[in-house]
Amino acid sequence: MKIGVYGSSSPPYPDGTEEKANKIGREIARLGHTVVTGGCGGLPYEAVMGAASEGGWTIAFSPAVDHDAHSSLFHYPVQHFSEMVFIPSDYVHKDDRMVCKKYRNVAAVAAVDVAVIIGGHTGTLNEFTIAYDLGLDIGILEGSGGITEHTIKTYLKDMHEEAGSRVFFDPDPASLVYRIQGWRG
C-alpha cells in the first residue's frame with residue numbers, strides 16, 4: 001500500500017512533532033508499505049528518513065522537472081528517496097513554481113491509497129482537500145500544529161458534500177499508521 005504523508009515543510013513545529021513524523025515513517029515501513037511525499041523537507045521528510053532507516057520504500061513527487069531543479073530551484077532534499085517522480089519537461093507551466101507545486105500535489109495524492117496529515121499550512125490543506133475529494137481515508141496526527149488544530153475540523157463540520165472519505169484524528173503515530181493501514185490493508 002502507498003501511504004501519502006503530507007505536512008509542514010519547515011519549522012516551527014510543536015515539541016516532539018519531528019520525532020512523531022519519523023516514527024510514522026518507521027511504522028509504515030515496518031508494515032511493508034511505501035511512504036509517498038511531495039519531495040519537500042520538514043515533517044514529510046522526517047517520515048521519509050524514518051522509513052529509510054527501516055529499509056522501507058519511499059517515493060518523492062517533485063514539483064521540478066529533474067533532480068538538479070529539485071535541489072537547486074526548490075532546495076528540496078534528494079537523499080533517502082527510493083524513487084523520484086518529476087513533472088513533465090514539456091509541461092506548459094514548468095517555469096511557474098507555484099503551479100508546479102499544485103501539479104505535484106494532485107499527482108502525489110492521486111498516487112496513494114490513504115493519506116496522513118501532520119501539521120501543515122496552505123499546501124497541506126490543498127493535499128487534504130484533494131485526498132478528501134478523491135474519497136481517500138485520511139489520518140490526522142493530533143497535536144502536530146498547523147491545519148490539524150482547527151482548520152480541518154472546521155472544514156469537516158462545514159462540509160455538506162460527502163466524498164466517501166473517512167477522516168480520523170489520533171495523537172499517537174503508531175496507532176495512526178496501524179489504524180489507517182488497517183482500513184485498506
# chains A, B, ... in the order shown; residues from 1 in each chain; ligands from 1
>>> residues_around(residues="A:Ser89", least_positions_apart="6", cutoff="10 Å", atoms="only C-alpha atoms", output="list in words")
Ala64, Val65, Asp66 and Asp95 of chain A
>>> closest_atom_pairs(of="stretch 27-53 of chain A", to="stretch 67-72 of chain A", cutoff="12 Å", atoms="only C-alpha atoms", output="JSON lines")
{"residue": "A:Gly38", "atom": "CA", "partner": "A:His70", "partner_atom": "CA", "distance": 10.9}
{"residue": "A:Gly39", "atom": "CA", "partner": "A:His70", "partner_atom": "CA", "distance": 8.3}
{"residue": "A:Cys40", "atom": "CA", "partner": "A:His70", "partner_atom": "CA", "distance": 9.0}
{"residue": "A:Gly41", "atom": "CA", "partner": "A:Ser71", "partner_atom": "CA", "distance": 10.7}
>>> write_last_selection(atoms="C-alpha atoms", output="PDB file, in the first residue's frame")
ATOM      1  CA  GLY A  38       5.755  15.819  -2.221  1.00  0.00           C
ATOM      2  CA  GLY A  39       9.536  15.591  -2.046  1.00  0.00           C
ATOM      3  CA  CYS A  40       9.916  18.528   0.342  1.00  0.00           C
ATOM      4  CA  GLY A  41      11.788  18.782   3.611  1.00  0.00           C
TER       5      GLY A  41
END
>>> atom_distance(atom1="atom CA of A:Val36", atom2="atom CA of A:Lys2")
6.5 Å
>>> select_by_dssp(residues="chain A", states="strand (DSSP E)", output="PyMOL selection string")
chain A and resi 2-7+34-37+58-61+83-85+114-118+137-141+167-170
>>> atom_distance(atom1="atom CA of A:Ala107", atom2="atom CA of A:Ser165")
18.2 Å
>>> residues_around(residues="A:Ser53", least_positions_apart="5", cutoff="10 Å", atoms="only C-alpha atoms", output="ChimeraX atom specification")
/A:22,25-26,29,47-48,80
>>> write_last_selection(atoms="C-alpha atoms", output="PDB file, in the first residue's frame")
ATOM      1  CA  ASN A  22       9.879   9.979  11.890  1.00  0.00           C
ATOM      2  CA  GLY A  25       7.660   6.632   8.538  1.00  0.00           C
ATOM      3  CA  ARG A  26       9.225   3.803  10.540  1.00  0.00           C
ATOM      4  CA  ALA A  29       7.990   0.697   6.555  1.00  0.00           C
ATOM      5  CA  ALA A  47       8.732  10.321   7.690  1.00  0.00           C
ATOM      6  CA  VAL A  48      10.943   9.506   4.686  1.00  0.00           C
ATOM      7  CA  HIS A  80      16.640   8.747   1.195  1.00  0.00           C
TER       8      HIS A  80
END
>>> atom_distance(atom1="atom CA of A:Met159", atom2="atom CA of A:Gly123")
19.3 Å
>>> residues_around(residues="stretch 135-144 of chain A", least_positions_apart="5", cutoff="6 Å", atoms="only C-alpha atoms", output="PDB file with N, CA and C atoms, in the first residue's frame")
ATOM      1  N   THR A  17       7.113  16.877  17.475  1.00  0.00           N
ATOM      2  CA  THR A  17       6.434  16.545  16.220  1.00  0.00           C
ATOM      3  C   THR A  17       7.380  15.914  15.207  1.00  0.00           C
ATOM      4  N   VAL A 114      -4.069   5.854   0.873  1.00  0.00           N
ATOM      5  CA  VAL A 114      -4.551   6.576   2.053  1.00  0.00           C
ATOM      6  C   VAL A 114      -3.591   7.729   2.326  1.00  0.00           C
ATOM      7  N   ALA A 115      -4.020   8.674   3.151  1.00  0.00           N
ATOM      8  CA  ALA A 115      -3.185   9.839   3.438  1.00  0.00           C
ATOM      9  C   ALA A 115      -3.060  10.069   4.936  1.00  0.00           C
ATOM     10  N   VAL A 116      -1.920  10.635   5.327  1.00  0.00           N
ATOM     11  CA  VAL A 116      -1.669  11.055   6.704  1.00  0.00           C
ATOM     12  C   VAL A 116      -1.278  12.532   6.646  1.00  0.00           C
ATOM     13  N   ILE A 117      -1.879  13.318   7.523  1.00  0.00           N
ATOM     14  CA  ILE A 117      -1.605  14.752   7.588  1.00  0.00           C
ATOM     15  C   ILE A 117      -0.922  15.060   8.921  1.00  0.00           C
ATOM     16  N   ILE A 118       0.235  15.767   8.821  1.00  0.00           N
ATOM     17  CA  ILE A 118       0.995  16.168  10.006  1.00  0.00           C
ATOM     18  C   ILE A 118       1.200  17.680   9.930  1.00  0.00           C
ATOM     19  N   GLY A 119       0.556  18.423  10.818  1.00  0.00           N
ATOM     20  CA  GLY A 119       0.714  19.879  10.802  1.00  0.00           C
ATOM     21  C   GLY A 119       0.262  20.441   9.468  1.00  0.00           C
ATOM     22  N   ALA A 163     -17.708  12.770   0.204  1.00  0.00           N
ATOM     23  CA  ALA A 163     -16.913  12.215  -0.889  1.00  0.00           C
ATOM     24  C   ALA A 163     -16.528  10.767  -0.628  1.00  0.00           C
ATOM     25  N   GLY A 164     -16.929  10.231   0.508  1.00  0.00           N
ATOM     26  CA  GLY A 164     -16.594   8.846   0.836  1.00  0.00           C
ATOM     27  C   GLY A 164     -15.351   8.693   1.687  1.00  0.00           C
ATOM     28  N   SER A 165     -14.704   9.795   2.009  1.00  0.00           N
ATOM     29  CA  SER A 165     -13.516   9.732   2.861  1.00  0.00           C
ATOM     30  C   SER A 165     -13.906   9.447   4.299  1.00  0.00           C
ATOM     31  N   ARG A 166     -13.051   8.678   4.957  1.00  0.00           N
ATOM     32  CA  ARG A 166     -13.161   8.538   6.408  1.00  0.00           C
ATOM     33  C   ARG A 166     -11.965   9.287   6.979  1.00  0.00           C
ATOM     34  N   VAL A 167     -12.231  10.191   7.903  1.00  0.00           N
ATOM     35  CA  VAL A 167     -11.185  11.019   8.495  1.00  0.00           C
ATOM     36  C   VAL A 167     -11.193  10.769   9.991  1.00  0.00           C
ATOM     37  N   PHE A 168     -10.014  10.482  10.538  1.00  0.00           N
ATOM     38  CA  PHE A 168      -9.926  10.311  11.984  1.00  0.00           C
ATOM     39  C   PHE A 168      -8.691  11.002  12.515  1.00  0.00           C
ATOM     40  N   PHE A 169      -8.744  11.330  13.775  1.00  0.00           N
ATOM     41  CA  PHE A 169      -7.685  12.051  14.471  1.00  0.00           C
ATOM     42  C   PHE A 169      -7.089  11.128  15.525  1.00  0.00           C
ATOM     43  N   ASP A 170      -5.749  11.122  15.618  1.00  0.00           N
ATOM     44  CA  ASP A 170      -5.074  10.290  16.605  1.00  0.00           C
ATOM     45  C   ASP A 170      -3.760  10.971  16.968  1.00  0.00           C
ATOM     46  N   PRO A 171      -3.442  11.123  18.255  1.00  0.00           N
ATOM     47  CA  PRO A 171      -2.192  11.772  18.660  1.00  0.00           C
ATOM     48  C   PRO A 171      -0.980  10.837  18.652  1.00  0.00           C
TER      49      PRO A 171
END
>>> closest_residue(among="A:Asp113, A:Glu27, A:Glu149, A:Asp133", to="A:Pro14", atoms="only C-alpha atoms")
A:Glu149
>>> select_by_dssp(residues="chain A", states="helix (DSSP H, G or I)", output="ChimeraX atom specification")
/A:17-30,42-53,67-72,97-110,122-133,146-148,151-158,173-184
>>> write_last_selection(atoms="C-alpha atoms", output="mmCIF file, in the first residue's frame")
data_model
loop_
_atom_site.group_PDB
_atom_site.id
_atom_site.type_symbol
_atom_site.label_atom_id
_atom_site.label_comp_id
_atom_site.auth_asym_id
_atom_site.auth_seq_id
_atom_site.Cartn_x
_atom_site.Cartn_y
_atom_site.Cartn_z
ATOM 1 C CA THR A 17 6.434 16.545 16.220
ATOM 2 C CA GLU A 18 9.581 15.759 14.211
ATOM 3 C CA GLU A 19 10.110 12.578 16.219
ATOM 4 C CA LYS A 20 6.458 11.607 15.700
ATOM 5 C CA ALA A 21 6.750 12.164 11.940
ATOM 6 C CA ASN A 22 9.879 9.979 11.890
ATOM 7 C CA LYS A 23 8.016 7.286 13.814
ATOM 8 C CA ILE A 24 5.164 7.398 11.289
ATOM 9 C CA GLY A 25 7.660 6.632 8.538
ATOM 10 C CA ARG A 26 9.225 3.803 10.540
ATOM 11 C CA GLU A 27 5.819 2.264 11.242
ATOM 12 C CA ILE A 28 4.785 2.489 7.580
ATOM 13 C CA ALA A 29 7.990 0.697 6.555
ATOM 14 C CA ARG A 30 7.682 -1.945 9.302
ATOM 15 C CA GLY A 42 10.277 19.180 7.043
ATOM 16 C CA LEU A 43 7.797 16.760 8.584
ATOM 17 C CA PRO A 44 7.152 14.682 5.430
ATOM 18 C CA TYR A 45 10.904 14.264 5.048
ATOM 19 C CA GLU A 46 11.159 13.102 8.673
ATOM 20 C CA ALA A 47 8.732 10.321 7.690
ATOM 21 C CA VAL A 48 10.943 9.506 4.686
ATOM 22 C CA MET A 49 14.033 9.270 6.884
ATOM 23 C CA GLY A 50 12.148 7.069 9.349
ATOM 24 C CA ALA A 51 11.030 4.719 6.571
ATOM 25 C CA ALA A 52 14.528 4.652 5.056
ATOM 26 C CA SER A 53 16.027 3.747 8.451
ATOM 27 C CA HIS A 67 17.000 16.151 -9.836
ATOM 28 C CA ASP A 68 19.011 19.326 -10.382
ATOM 29 C CA ALA A 69 15.965 21.602 -10.295
ATOM 30 C CA HIS A 70 14.549 19.666 -7.334
ATOM 31 C CA SER A 71 17.585 20.534 -5.228
ATOM 32 C CA SER A 72 18.752 23.855 -6.723
ATOM 33 C CA ARG A 97 6.989 27.259 -9.321
ATOM 34 C CA MET A 98 3.614 27.700 -7.614
ATOM 35 C CA VAL A 99 1.693 25.986 -10.422
ATOM 36 C CA CYS A 100 4.248 23.169 -10.400
ATOM 37 C CA LYS A 101 3.730 22.663 -6.657
ATOM 38 C CA LYS A 102 -0.036 22.286 -7.167
ATOM 39 C CA TYR A 103 0.544 19.909 -10.106
ATOM 40 C CA ARG A 104 2.785 17.894 -7.789
ATOM 41 C CA ASN A 105 0.133 17.912 -5.058
ATOM 42 C CA VAL A 106 -2.505 16.412 -7.339
ATOM 43 C CA ALA A 107 -0.104 13.792 -8.704
ATOM 44 C CA ALA A 108 1.215 12.823 -5.260
ATOM 45 C CA VAL A 109 -2.233 12.433 -3.717
ATOM 46 C CA ALA A 110 -3.660 10.601 -6.735
ATOM 47 C CA THR A 122 -1.861 26.086 2.680
ATOM 48 C CA GLY A 123 -0.074 23.406 0.644
ATOM 49 C CA THR A 124 -1.042 20.687 3.099
ATOM 50 C CA LEU A 125 -4.633 21.917 3.128
ATOM 51 C CA ASN A 126 -4.565 21.580 -0.663
ATOM 52 C CA GLU A 127 -3.342 17.980 -0.317
ATOM 53 C CA PHE A 128 -6.000 17.276 2.330
ATOM 54 C CA THR A 129 -8.849 18.587 0.141
ATOM 55 C CA ILE A 130 -7.596 16.620 -2.868
ATOM 56 C CA ALA A 131 -7.485 13.442 -0.753
ATOM 57 C CA TYR A 132 -10.950 14.196 0.595
ATOM 58 C CA ASP A 133 -12.365 14.864 -2.889
ATOM 59 C CA GLY A 146 -0.985 23.954 11.658
ATOM 60 C CA ILE A 147 -4.203 22.924 9.939
ATOM 61 C CA THR A 148 -4.586 19.859 12.169
ATOM 62 C CA THR A 151 -8.892 24.137 10.077
ATOM 63 C CA ILE A 152 -9.586 20.518 9.148
ATOM 64 C CA LYS A 153 -12.172 20.145 11.911
ATOM 65 C CA THR A 154 -13.934 23.313 10.729
ATOM 66 C CA TYR A 155 -13.812 22.147 7.110
ATOM 67 C CA LEU A 156 -15.345 18.793 8.035
ATOM 68 C CA LYS A 157 -18.035 20.452 10.162
ATOM 69 C CA ASP A 158 -18.993 22.876 7.384
ATOM 70 C CA PRO A 173 1.984 7.936 15.457
ATOM 71 C CA ALA A 174 1.986 4.130 15.681
ATOM 72 C CA SER A 175 -1.738 3.968 16.341
ATOM 73 C CA LEU A 176 -2.398 6.383 13.474
ATOM 74 C CA VAL A 177 -0.487 4.213 10.985
ATOM 75 C CA TYR A 178 -1.972 0.990 12.307
ATOM 76 C CA ARG A 179 -5.496 2.374 12.013
ATOM 77 C CA ILE A 180 -5.061 3.874 8.529
ATOM 78 C CA GLN A 181 -3.428 0.756 7.078
ATOM 79 C CA GLY A 182 -5.963 -1.468 8.799
ATOM 80 C CA TRP A 183 -8.780 0.160 6.872
ATOM 81 C CA ARG A 184 -7.242 -0.581 3.498
#
>>> closest_residue(among="A:Ser10, A:Gly32, A:Glu54, A:Gly4", to="A:Tyr76", atoms="only C-alpha atoms")
A:Ser10
>>> decode(residues="stretch 6-42 of chain A", atoms="N, CA and C atoms", output="mmCIF file, in the first residue's frame")
data_model
loop_
_atom_site.group_PDB
_atom_site.id
_atom_site.type_symbol
_atom_site.label_atom_id
_atom_site.label_comp_id
_atom_site.auth_asym_id
_atom_site.auth_seq_id
_atom_site.Cartn_x
_atom_site.Cartn_y
_atom_site.Cartn_z
ATOM 1 N N TYR A 6 1.764 14.018 4.274
ATOM 2 C CA TYR A 6 1.765 15.422 3.877
ATOM 3 C C TYR A 6 1.765 16.285 5.128
ATOM 4 N N GLY A 7 2.498 17.418 5.065
ATOM 5 C CA GLY A 7 2.557 18.270 6.242
ATOM 6 C C GLY A 7 3.521 19.421 6.088
ATOM 7 N N SER A 8 3.804 20.054 7.207
ATOM 8 C CA SER A 8 4.659 21.239 7.250
ATOM 9 C C SER A 8 6.048 20.937 6.703
ATOM 10 N N SER A 9 6.491 21.798 5.791
ATOM 11 C CA SER A 9 7.817 21.598 5.207
ATOM 12 C C SER A 9 8.911 22.375 5.937
ATOM 13 N N SER A 10 8.519 23.223 6.893
ATOM 14 C CA SER A 10 9.526 23.968 7.650
ATOM 15 C C SER A 10 8.983 24.327 9.026
ATOM 16 N N PRO A 11 9.904 24.481 10.002
ATOM 17 C CA PRO A 11 9.507 24.836 11.365
ATOM 18 C C PRO A 11 8.871 26.225 11.402
ATOM 19 N N PRO A 12 8.244 26.556 12.515
ATOM 20 C CA PRO A 12 8.251 25.855 13.799
ATOM 21 C C PRO A 12 7.183 24.763 13.859
ATOM 22 N N TYR A 13 7.473 23.749 14.686
ATOM 23 C CA TYR A 13 6.543 22.659 14.956
ATOM 24 C C TYR A 13 6.384 22.548 16.471
ATOM 25 N N PRO A 14 5.249 22.005 16.902
ATOM 26 C CA PRO A 14 5.135 21.724 18.339
ATOM 27 C C PRO A 14 6.222 20.737 18.768
ATOM 28 N N ASP A 15 6.667 20.838 20.012
ATOM 29 C CA ASP A 15 7.703 19.942 20.538
ATOM 30 C C ASP A 15 7.348 18.482 20.291
ATOM 31 N N GLY A 16 8.321 17.727 19.813
ATOM 32 C CA GLY A 16 8.157 16.292 19.606
ATOM 33 C C GLY A 16 7.540 15.897 18.280
ATOM 34 N N THR A 17 7.113 16.877 17.475
ATOM 35 C CA THR A 17 6.434 16.545 16.220
ATOM 36 C C THR A 17 7.380 15.914 15.207
ATOM 37 N N GLU A 18 8.629 16.367 15.142
ATOM 38 C CA GLU A 18 9.581 15.759 14.211
ATOM 39 C C GLU A 18 9.794 14.283 14.540
ATOM 40 N N GLU A 19 9.925 13.971 15.812
ATOM 41 C CA GLU A 19 10.110 12.578 16.219
ATOM 42 C C GLU A 19 8.875 11.741 15.875
ATOM 43 N N LYS A 20 7.692 12.323 16.037
ATOM 44 C CA LYS A 20 6.458 11.607 15.700
ATOM 45 C C LYS A 20 6.367 11.364 14.195
ATOM 46 N N ALA A 21 6.763 12.339 13.400
ATOM 47 C CA ALA A 21 6.750 12.164 11.940
ATOM 48 C C ALA A 21 7.720 11.052 11.535
ATOM 49 N N ASN A 22 8.899 11.026 12.165
ATOM 50 C CA ASN A 22 9.879 9.979 11.890
ATOM 51 C C ASN A 22 9.306 8.609 12.257
ATOM 52 N N LYS A 23 8.617 8.547 13.376
ATOM 53 C CA LYS A 23 8.016 7.286 13.814
ATOM 54 C C LYS A 23 6.924 6.831 12.846
ATOM 55 N N ILE A 24 6.176 7.758 12.296
ATOM 56 C CA ILE A 24 5.164 7.398 11.289
ATOM 57 C C ILE A 24 5.838 6.700 10.117
ATOM 58 N N GLY A 25 6.927 7.261 9.641
ATOM 59 C CA GLY A 25 7.660 6.632 8.538
ATOM 60 C C GLY A 25 8.179 5.254 8.889
ATOM 61 N N ARG A 26 8.720 5.108 10.101
ATOM 62 C CA ARG A 26 9.225 3.803 10.540
ATOM 63 C C ARG A 26 8.097 2.774 10.600
ATOM 64 N N GLU A 27 6.957 3.183 11.132
ATOM 65 C CA GLU A 27 5.819 2.264 11.242
ATOM 66 C C GLU A 27 5.297 1.860 9.861
ATOM 67 N N ILE A 28 5.230 2.804 8.945
ATOM 68 C CA ILE A 28 4.785 2.489 7.580
ATOM 69 C C ILE A 28 5.711 1.451 6.963
ATOM 70 N N ALA A 29 7.013 1.648 7.111
ATOM 71 C CA ALA A 29 7.990 0.697 6.555
ATOM 72 C C ALA A 29 7.903 -0.658 7.246
ATOM 73 N N ARG A 30 7.768 -0.675 8.562
ATOM 74 C CA ARG A 30 7.682 -1.945 9.302
ATOM 75 C C ARG A 30 6.486 -2.778 8.867
ATOM 76 N N LEU A 31 5.415 -2.094 8.453
ATOM 77 C CA LEU A 31 4.218 -2.794 7.999
ATOM 78 C C LEU A 31 4.302 -3.174 6.516
ATOM 79 N N GLY A 32 5.424 -2.833 5.879
ATOM 80 C CA GLY A 32 5.643 -3.217 4.485
ATOM 81 C C GLY A 32 5.020 -2.288 3.467
ATOM 82 N N HIS A 33 4.667 -1.074 3.877
ATOM 83 C CA HIS A 33 4.049 -0.114 2.970
ATOM 84 C C HIS A 33 5.070 0.910 2.483
ATOM 85 N N THR A 34 4.676 1.707 1.516
ATOM 86 C CA THR A 34 5.520 2.727 0.900
ATOM 87 C C THR A 34 5.115 4.112 1.384
ATOM 88 N N VAL A 35 6.100 4.957 1.682
ATOM 89 C CA VAL A 35 5.855 6.355 2.028
ATOM 90 C C VAL A 35 5.931 7.188 0.752
ATOM 91 N N VAL A 36 4.900 7.998 0.524
ATOM 92 C CA VAL A 36 4.868 8.916 -0.616
ATOM 93 C C VAL A 36 4.767 10.334 -0.064
ATOM 94 N N THR A 37 5.593 11.242 -0.581
ATOM 95 C CA THR A 37 5.531 12.655 -0.174
ATOM 96 C C THR A 37 5.647 13.537 -1.408
ATOM 97 N N GLY A 38 5.551 14.837 -1.167
ATOM 98 C CA GLY A 38 5.755 15.819 -2.221
ATOM 99 C C GLY A 38 7.213 16.179 -2.410
ATOM 100 N N GLY A 39 8.109 15.397 -1.830
ATOM 101 C CA GLY A 39 9.536 15.591 -2.046
ATOM 102 C C GLY A 39 10.160 16.735 -1.274
ATOM 103 N N CYS A 40 9.404 17.381 -0.400
ATOM 104 C CA CYS A 40 9.916 18.528 0.342
ATOM 105 C C CYS A 40 10.648 18.081 1.609
ATOM 106 N N GLY A 41 11.163 19.056 2.326
ATOM 107 C CA GLY A 41 11.788 18.782 3.611
ATOM 108 C C GLY A 41 10.752 18.791 4.714
ATOM 109 N N GLY A 42 11.187 19.045 5.921
ATOM 110 C CA GLY A 42 10.277 19.180 7.043
ATOM 111 C C GLY A 42 9.693 17.870 7.530
#
